[in-house]
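Text of start21.cif, listed as mmCIF, C-alpha atoms:
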data_work
#
loop_
_atom_site.label_atom_id
_atom_site.label_comp_id
_atom_site.auth_asym_id
_atom_site.auth_seq_id
_atom_site.Cartn_x
_atom_site.Cartn_y
_atom_site.Cartn_z
CA MET A 995 36.19 -76.14 -18.01
CA THR A 996 36.33 -79.87 -17.72
CA ARG A 997 36.22 -82.42 -20.50
CA LEU A 998 34.40 -84.88 -18.28
CA PRO A 999 30.74 -85.66 -18.20
CA GLU A 1000 29.05 -85.11 -14.87
CA VAL A 1001 30.31 -87.84 -12.59
CA THR A 1002 27.24 -89.79 -11.56
CA ARG A 1003 26.33 -93.43 -11.15
CA GLY A 1004 24.55 -93.25 -14.50
CA ALA A 1005 27.72 -92.03 -16.23
CA VAL A 1006 29.44 -95.39 -15.74
CA ALA A 1007 28.66 -98.61 -17.56
CA GLU A 1008 26.01 -100.72 -15.86
CA GLU A 1009 28.47 -103.52 -15.09
CA LEU A 1010 30.64 -101.04 -13.17
CA ARG A 1011 27.91 -99.50 -11.01
CA ASP A 1012 28.55 -101.81 -8.05
CA ALA A 1013 32.20 -100.71 -8.14
CA PHE A 1014 31.07 -97.08 -8.37
CA ASP A 1015 28.80 -97.59 -5.33
CA ALA A 1016 31.68 -99.14 -3.39
CA LEU A 1017 33.97 -96.28 -4.40
CA ILE A 1018 31.69 -93.54 -3.11
CA ALA A 1019 30.43 -95.43 -0.04
CA ASP A 1020 33.35 -94.19 2.12
CA SER A 1021 32.39 -90.58 1.46
CA GLY A 1022 28.74 -90.94 2.32
CA GLY A 1023 27.75 -91.25 -1.32
CA GLU A 1024 29.61 -88.15 -2.47
CA VAL A 1025 31.66 -88.30 -5.67
CA PRO A 1026 35.32 -87.48 -5.00
CA GLN A 1027 36.78 -84.17 -6.16
CA GLY A 1028 39.90 -83.54 -8.23
CA PRO A 1029 41.63 -86.64 -9.57
CA GLY A 1030 39.08 -88.77 -7.72
CA ALA A 1031 36.33 -87.40 -9.97
CA VAL A 1032 38.27 -88.56 -13.02
CA THR A 1033 38.99 -92.01 -11.65
CA ALA A 1034 35.38 -92.45 -10.53
CA LEU A 1035 34.51 -92.81 -14.22
CA SER A 1036 36.62 -95.99 -14.16
CA PRO A 1037 35.52 -97.19 -10.73
CA GLU A 1038 37.20 -100.60 -10.78
CA MET A 1039 40.55 -98.93 -11.49
CA ALA A 1040 39.80 -96.33 -8.82
CA LEU A 1041 39.11 -99.01 -6.22
CA ARG A 1042 42.37 -100.77 -7.03
CA ARG A 1043 44.29 -97.49 -6.97
CA ARG A 1044 42.84 -96.33 -3.65
CA PRO A 1045 45.05 -98.32 -1.22
CA LEU A 1046 48.28 -96.99 -2.74
CA SER A 1047 46.84 -93.48 -2.96
CA ASN A 1048 45.89 -93.59 0.70
CA TYR A 1049 49.27 -94.99 1.71
CA VAL A 1050 51.36 -92.39 -0.08
CA ARG A 1051 49.14 -89.53 0.99
CA TRP A 1052 48.49 -90.35 4.64
CA GLU A 1053 50.87 -93.04 5.88
CA LEU A 1054 54.37 -92.12 4.73
CA THR A 1055 56.92 -91.40 7.43
CA LEU A 1056 58.52 -88.55 5.51
CA PRO A 1057 58.07 -85.23 7.33
CA GLN A 1058 54.95 -83.38 6.20
CA HIS A 1059 56.88 -80.39 4.84
CA VAL A 1060 59.01 -82.75 2.73
CA GLN A 1061 55.91 -84.46 1.35
CA GLU A 1062 54.23 -81.18 0.49
CA LEU A 1063 57.41 -79.85 -1.10
CA ALA A 1064 57.71 -83.03 -3.19
CA ILE A 1065 54.09 -82.61 -4.31
CA LEU A 1066 54.74 -78.96 -5.26
CA ALA A 1067 57.90 -79.88 -7.17
CA THR A 1068 55.87 -82.52 -9.02
CA ALA A 1069 53.00 -80.12 -9.75
CA ARG A 1070 55.49 -77.55 -11.05
CA GLN A 1071 57.24 -80.08 -13.30
CA MET A 1072 53.89 -81.37 -14.56
CA ASP A 1073 52.47 -77.83 -14.98
CA CYS A 1074 49.41 -78.89 -12.99
CA PRO A 1075 47.54 -75.88 -11.57
CA TYR A 1076 45.00 -78.04 -9.72
CA VAL A 1077 47.60 -79.93 -7.66
CA TRP A 1078 49.63 -76.77 -7.19
CA ASN A 1079 46.69 -74.74 -5.89
CA ALA A 1080 45.56 -77.56 -3.61
CA HIS A 1081 48.99 -78.06 -2.05
CA ALA A 1082 50.70 -74.65 -1.94
CA PRO A 1083 48.69 -73.61 1.15
CA LEU A 1084 49.34 -77.03 2.74
CA ALA A 1085 53.07 -76.64 2.10
CA ARG A 1086 53.14 -73.25 3.78
CA LYS A 1087 51.14 -74.62 6.71
CA ALA A 1088 53.63 -77.50 7.01
CA GLY A 1089 56.51 -75.02 7.28
CA VAL A 1090 57.72 -74.48 3.71
CA SER A 1091 58.57 -70.80 3.35
CA ALA A 1092 56.31 -68.60 1.25
CA GLU A 1093 59.45 -67.38 -0.51
CA LEU A 1094 60.29 -70.92 -1.65
CA VAL A 1095 56.70 -71.65 -2.72
CA ASP A 1096 56.54 -68.40 -4.70
CA ALA A 1097 59.92 -68.99 -6.37
CA MET A 1098 58.94 -72.51 -7.40
CA ARG A 1099 55.61 -71.27 -8.77
CA GLU A 1100 57.32 -68.57 -10.84
CA ARG A 1101 60.31 -70.75 -11.81
CA SER A 1102 62.52 -68.07 -10.26
CA PRO A 1103 65.87 -68.76 -8.62
CA LEU A 1104 65.20 -70.67 -5.42
CA PRO A 1105 66.06 -69.11 -2.06
CA ALA A 1106 68.36 -70.78 0.42
CA MET A 1107 66.77 -73.98 1.67
CA ASP A 1108 67.31 -76.41 4.49
CA VAL A 1109 69.26 -79.50 3.51
CA ASP A 1110 66.17 -81.74 3.44
CA GLU A 1111 64.28 -79.23 1.29
CA SER A 1112 67.15 -78.94 -1.17
CA ALA A 1113 67.45 -82.73 -1.35
CA VAL A 1114 63.77 -83.24 -2.15
CA VAL A 1115 63.45 -80.38 -4.65
CA THR A 1116 66.60 -81.42 -6.51
CA PHE A 1117 65.68 -85.12 -6.51
CA VAL A 1118 62.13 -84.56 -7.79
CA THR A 1119 63.12 -81.92 -10.34
CA GLU A 1120 65.91 -84.06 -11.79
CA MET A 1121 63.78 -87.19 -11.85
CA LEU A 1122 60.92 -85.49 -13.69
CA SER A 1123 62.90 -83.23 -16.00
CA ALA A 1124 65.81 -85.51 -16.94
CA HIS A 1125 64.04 -88.82 -16.21
CA ARG A 1126 67.11 -89.82 -14.21
CA VAL A 1127 68.55 -88.84 -10.86
CA PRO A 1128 72.23 -87.84 -10.93
CA HIS A 1129 74.49 -89.41 -8.32
CA GLU A 1130 74.74 -86.19 -6.30
CA ALA A 1131 70.97 -85.80 -6.03
CA TYR A 1132 70.52 -89.50 -5.26
CA ASP A 1133 73.22 -89.42 -2.57
CA ALA A 1134 71.69 -86.30 -1.00
CA ALA A 1135 68.24 -87.94 -0.83
CA ILE A 1136 69.64 -91.14 0.66
CA ALA A 1137 71.68 -89.15 3.20
CA GLN A 1138 68.58 -87.17 4.25
CA PHE A 1139 65.85 -89.79 4.07
CA GLY A 1140 67.42 -93.25 3.88
CA VAL A 1141 66.54 -95.91 1.33
CA ARG A 1142 63.00 -96.70 2.52
CA GLN A 1143 61.89 -93.08 2.62
CA THR A 1144 63.53 -92.39 -0.75
CA VAL A 1145 61.52 -95.27 -2.20
CA ASP A 1146 58.41 -93.78 -0.58
CA LEU A 1147 59.33 -90.37 -2.00
CA VAL A 1148 59.42 -91.84 -5.51
CA ALA A 1149 56.02 -93.48 -4.92
CA LEU A 1150 54.58 -90.15 -3.72
CA VAL A 1151 55.92 -88.37 -6.79
CA GLY A 1152 54.54 -91.11 -9.03
CA GLN A 1153 51.13 -90.74 -7.43
CA TYR A 1154 51.12 -87.00 -8.09
CA VAL A 1155 52.40 -87.45 -11.64
CA THR A 1156 49.39 -89.71 -12.20
CA ASN A 1157 47.06 -87.22 -10.48
CA SER A 1158 48.49 -84.42 -12.62
CA CYS A 1159 47.96 -86.46 -15.78
CA PHE A 1160 44.32 -87.11 -14.87
CA LEU A 1161 43.71 -83.46 -14.01
CA ASN A 1162 45.55 -81.99 -17.01
CA ALA A 1163 44.25 -84.45 -19.62
CA PHE A 1164 40.65 -83.95 -18.59
CA GLU A 1165 41.08 -80.22 -17.89
CA VAL A 1166 39.49 -80.48 -14.46
CA ALA A 1167 38.43 -77.01 -13.38
CA LEU A 1168 40.16 -75.43 -10.42
CA PRO A 1169 38.03 -74.83 -7.37
CA GLU A 1170 37.86 -71.20 -6.28
CA THR A 1171 40.99 -70.24 -4.41
CA GLU A 1172 42.93 -67.20 -3.31
CA GLU A 1173 46.17 -68.96 -4.28
CA PRO A 1174 47.96 -67.25 -7.20
CA LEU A 1175 47.52 -69.31 -10.35
CA LEU A 1176 50.37 -71.48 -11.54
CA PRO A 1177 51.78 -70.01 -14.75
CA VAL A 1178 51.88 -72.72 -17.41
#
Please lay out the structure from this file as structure tokens.
Amino acid sequence: MTRLPEVTRGAVAEELRDAFDALIADSGGEVPQGPGAVTALSPEMALRRRPLSNYVRWELTLPQHVQELAILATARQMDCPYVWNAHAPLARKAGVSAELVDAMRERSPLPAMDVDESAVVTFVTEMLSAHRVPHEAYDAAIAQFGVRQTVDLVALVGQYVTNSCFLNAFEVALPETEEPLLPV
């Protein structure tokens, strides 16, 4: 159940309707799903947010499995079922083992991981749970990804923290999925 009104042009203030029209123009007039549905109710903010969202989602040079694993680690730390259910299948498709995905979902001990997987999971988990990154986790991320990609990793995580906040605060309903639900 969502806390949001139906996302329509009429749901936004009249002075924001041009921004709303611009926001949905790229999708053929369709209102975005997920966090995009939330942000559409503040269309000026959504338009300003879009370039960074697109960059961190589609233009990063981090390997796809690393990106998806970072998104899952963020969803797990934020207890966000919507992001989790959207990205667990993508992570598996990108090469993250089902065993690792399942262990993260259940907060079970993690299986053996490749060095890049361990670096990203540790970095994201420490950053979001302790609000700091210990030297060892920082050094491992830099060794695996370099400075630029570590900066991009932080931006990706920040984007999905924001997405998780939108989705959790407004209790956006999960689309139907065969993915096991994230225990929260």
Matched chain/residue IDs from the PyMOL selection byres ((chain A and resi 1076) around 9), as a list in words: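 Listing what the PyMOL selection byres ((chain A and resi 1076) around 9) selects in the shown file: Gly1028, Ala1069, Cys1074, Pro1075, Val1077, Trp1078, Asn1079, Ala1080, His1081, Ser1158, Leu1161, Asn1162, Val1166, Ala1167, Leu1168, Pro1169 and Leu1176 of chain A.
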Spatial sel., origin (50.2, -69.4, -17.4), limit 10 Å, only C-alpha atoms, listed as a ChimeraX atom specification: /A:1073,1075,1100,1175-1178
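Picture a line from atom CA of Asp1015 of chain A to atom CA of Glu1038 of chain A; it runs 10.5 Å.
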Pull the closest atom pair for each residue of segment 1083-1156 of chain A that gets at most 7 Å from segment 1050-1068 of chain A, along with the distance in Å to one decimal, counting all atoms listed in the file, ordering rows by chain and then ascending residue number, as CSV.
residue,atom,partner,partner_atom,distance
A:Leu1084,CA,A:Glu1062,CA,6.8
A:Ala1085,CA,A:Glu1062,CA,5.0
A:Ala1088,CA,A:His1059,CA,4.9
A:Gly1089,CA,A:His1059,CA,5.9
A:Val1090,CA,A:His1059,CA,6.1
A:Glu1111,CA,A:Val1060,CA,6.5
A:Val1114,CA,A:Ala1064,CA,6.2
A:Val1115,CA,A:Ala1067,CA,6.1
A:Val1118,CA,A:Ala1067,CA,6.3
A:Thr1119,CA,A:Ala1067,CA,6.4
A:Gln1143,CA,A:Leu1056,CA,6.3
A:Asp1146,CA,A:Leu1054,CA,6.9
A:Ala1149,CA,A:Val1050,CA,6.8
A:Leu1150,CA,A:Val1050,CA,5.4
A:Val1151,CA,A:Thr1068,CA,6.3
A:Tyr1154,CA,A:Ile1065,CA,6.5
A:Val1155,CA,A:Thr1068,CA,6.6
Result set, the PyMOL selection byres ((chain A and resi 1120) around 12) on current file, as a ChimeraX atom specification: /A:1064,1067-1068,1071,1112-1119,1121-1132,1135,1148,1151
Contact residues around Asp1020 of chain A with all atoms listed in the file at 12 Å, ignoring same-chain residues under 5 positions, as a PyMOL selection string: chain A and resi 1014-1015+1025-1026+1041+1044
Per residue of segment 1124-1145 of chain A within 9 Å of segment 1107-1110 of chain A, which atom pair is closest and at what distance in Å (one decimal), using all atoms listed in the file, listed by chain and increasing number, as a Markdown table?
| residue | atom | partner | partner_atom | distance |
| --- | --- | --- | --- | --- |
| A:Ala1134 | CA | A:Asp1110 | CA | 8.4 |
| A:Ala1135 | CA | A:Asp1110 | CA | 7.8 |
| A:Gln1138 | CA | A:Asp1110 | CA | 6.0 |
| A:Phe1139 | CA | A:Asp1110 | CA | 8.1 |
Resolved residues for the PyMOL selection byres ((chain A and resi 1173) around 8) as number ranges by chain: A: 1079, 1082-1083, 1171-1172, 1174-1175
d(atom CA of Glu1009 of chain A, atom CA of Gly1022 of chain A) in Å: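 Going from atom CA of Glu1009 of chain A over to atom CA of Gly1022 of chain A covers 21.5 Å.
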Who sits within 10 Å of Asp1012 of chain A, only C-alpha atoms, same chain under 5 positions skipped, as a PyMOL selection string: chain A and resi 1003+1017+1037-1038
Which of A:Ala1040, A:Ala1034, A:Ile1018, A:Val1095 sits closest to Val1006 of chain A [using all atoms listed in the file]: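 The closest residue to Val1006 of chain A is A:Ala1034.
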Interatomic distance, atom CA of Arg1070 of chain A to atom CA of Met1098 of chain A (Å, one decimal):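 Here the two named atoms are 7.1 Å from each other.
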Can you report as AutoDock Vina command-line options the centre and edge lengths in Å, to one decimal, of an axis-aligned box around the listed atoms of segment 1040-1048 of chain A padded with 3 Å on each side?
--center_x 43.7 --center_y -97.1 --center_z -4.1 --size_x 15.2 --size_y 13.3 --size_z 15.5
Among listed residues A:Leu1147, A:Glu1000, A:Gly1023, A:Met1072, nearest Arg1099 of chain A (using all atoms listed in the file): A:Met1072
Please output segment 1129-1141 of chain A, rebuilt to include N, CA and C atoms, as a JSON list (two decimals), keeping the file's coordinate frame.
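Output saved as out.json:
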[["chain", "number", "residue", "atom", "x", "y", "z"],
["A", 1129, "HIS", "N", 73.92, -88.85, -9.55],
["A", 1129, "HIS", "CA", 74.49, -89.41, -8.32],
["A", 1129, "HIS", "C", 74.42, -88.44, -7.15],
["A", 1130, "GLU", "N", 74.73, -87.17, -7.39],
["A", 1130, "GLU", "CA", 74.74, -86.19, -6.30],
["A", 1130, "GLU", "C", 73.35, -86.04, -5.69],
["A", 1131, "ALA", "N", 72.34, -85.96, -6.53],
["A", 1131, "ALA", "CA", 70.97, -85.80, -6.03],
["A", 1131, "ALA", "C", 70.51, -87.08, -5.33],
["A", 1132, "TYR", "N", 70.87, -88.22, -5.88],
["A", 1132, "TYR", "CA", 70.52, -89.50, -5.26],
["A", 1132, "TYR", "C", 71.19, -89.61, -3.89],
["A", 1133, "ASP", "N", 72.48, -89.33, -3.84],
["A", 1133, "ASP", "CA", 73.22, -89.42, -2.57],
["A", 1133, "ASP", "C", 72.65, -88.47, -1.52],
["A", 1134, "ALA", "N", 72.26, -87.28, -1.94],
["A", 1134, "ALA", "CA", 71.69, -86.30, -1.00],
["A", 1134, "ALA", "C", 70.35, -86.81, -0.44],
["A", 1135, "ALA", "N", 69.53, -87.41, -1.30],
["A", 1135, "ALA", "CA", 68.24, -87.94, -0.83],
["A", 1135, "ALA", "C", 68.46, -89.11, 0.13],
["A", 1136, "ILE", "N", 69.36, -90.00, -0.21],
["A", 1136, "ILE", "CA", 69.64, -91.14, 0.66],
["A", 1136, "ILE", "C", 70.20, -90.66, 2.00],
["A", 1137, "ALA", "N", 71.10, -89.67, 1.96],
["A", 1137, "ALA", "CA", 71.68, -89.15, 3.20],
["A", 1137, "ALA", "C", 70.60, -88.52, 4.09],
["A", 1138, "GLN", "N", 69.63, -87.86, 3.49],
["A", 1138, "GLN", "CA", 68.58, -87.17, 4.25],
["A", 1138, "GLN", "C", 67.47, -88.11, 4.71],
["A", 1139, "PHE", "N", 67.07, -89.03, 3.83],
["A", 1139, "PHE", "CA", 65.85, -89.79, 4.07],
["A", 1139, "PHE", "C", 66.05, -91.29, 4.23],
["A", 1140, "GLY", "N", 67.21, -91.80, 3.84],
["A", 1140, "GLY", "CA", 67.42, -93.25, 3.88],
["A", 1140, "GLY", "C", 66.77, -93.91, 2.67],
["A", 1141, "VAL", "N", 67.03, -95.19, 2.51],
["A", 1141, "VAL", "CA", 66.54, -95.91, 1.33],
["A", 1141, "VAL", "C", 65.02, -96.03, 1.35]]
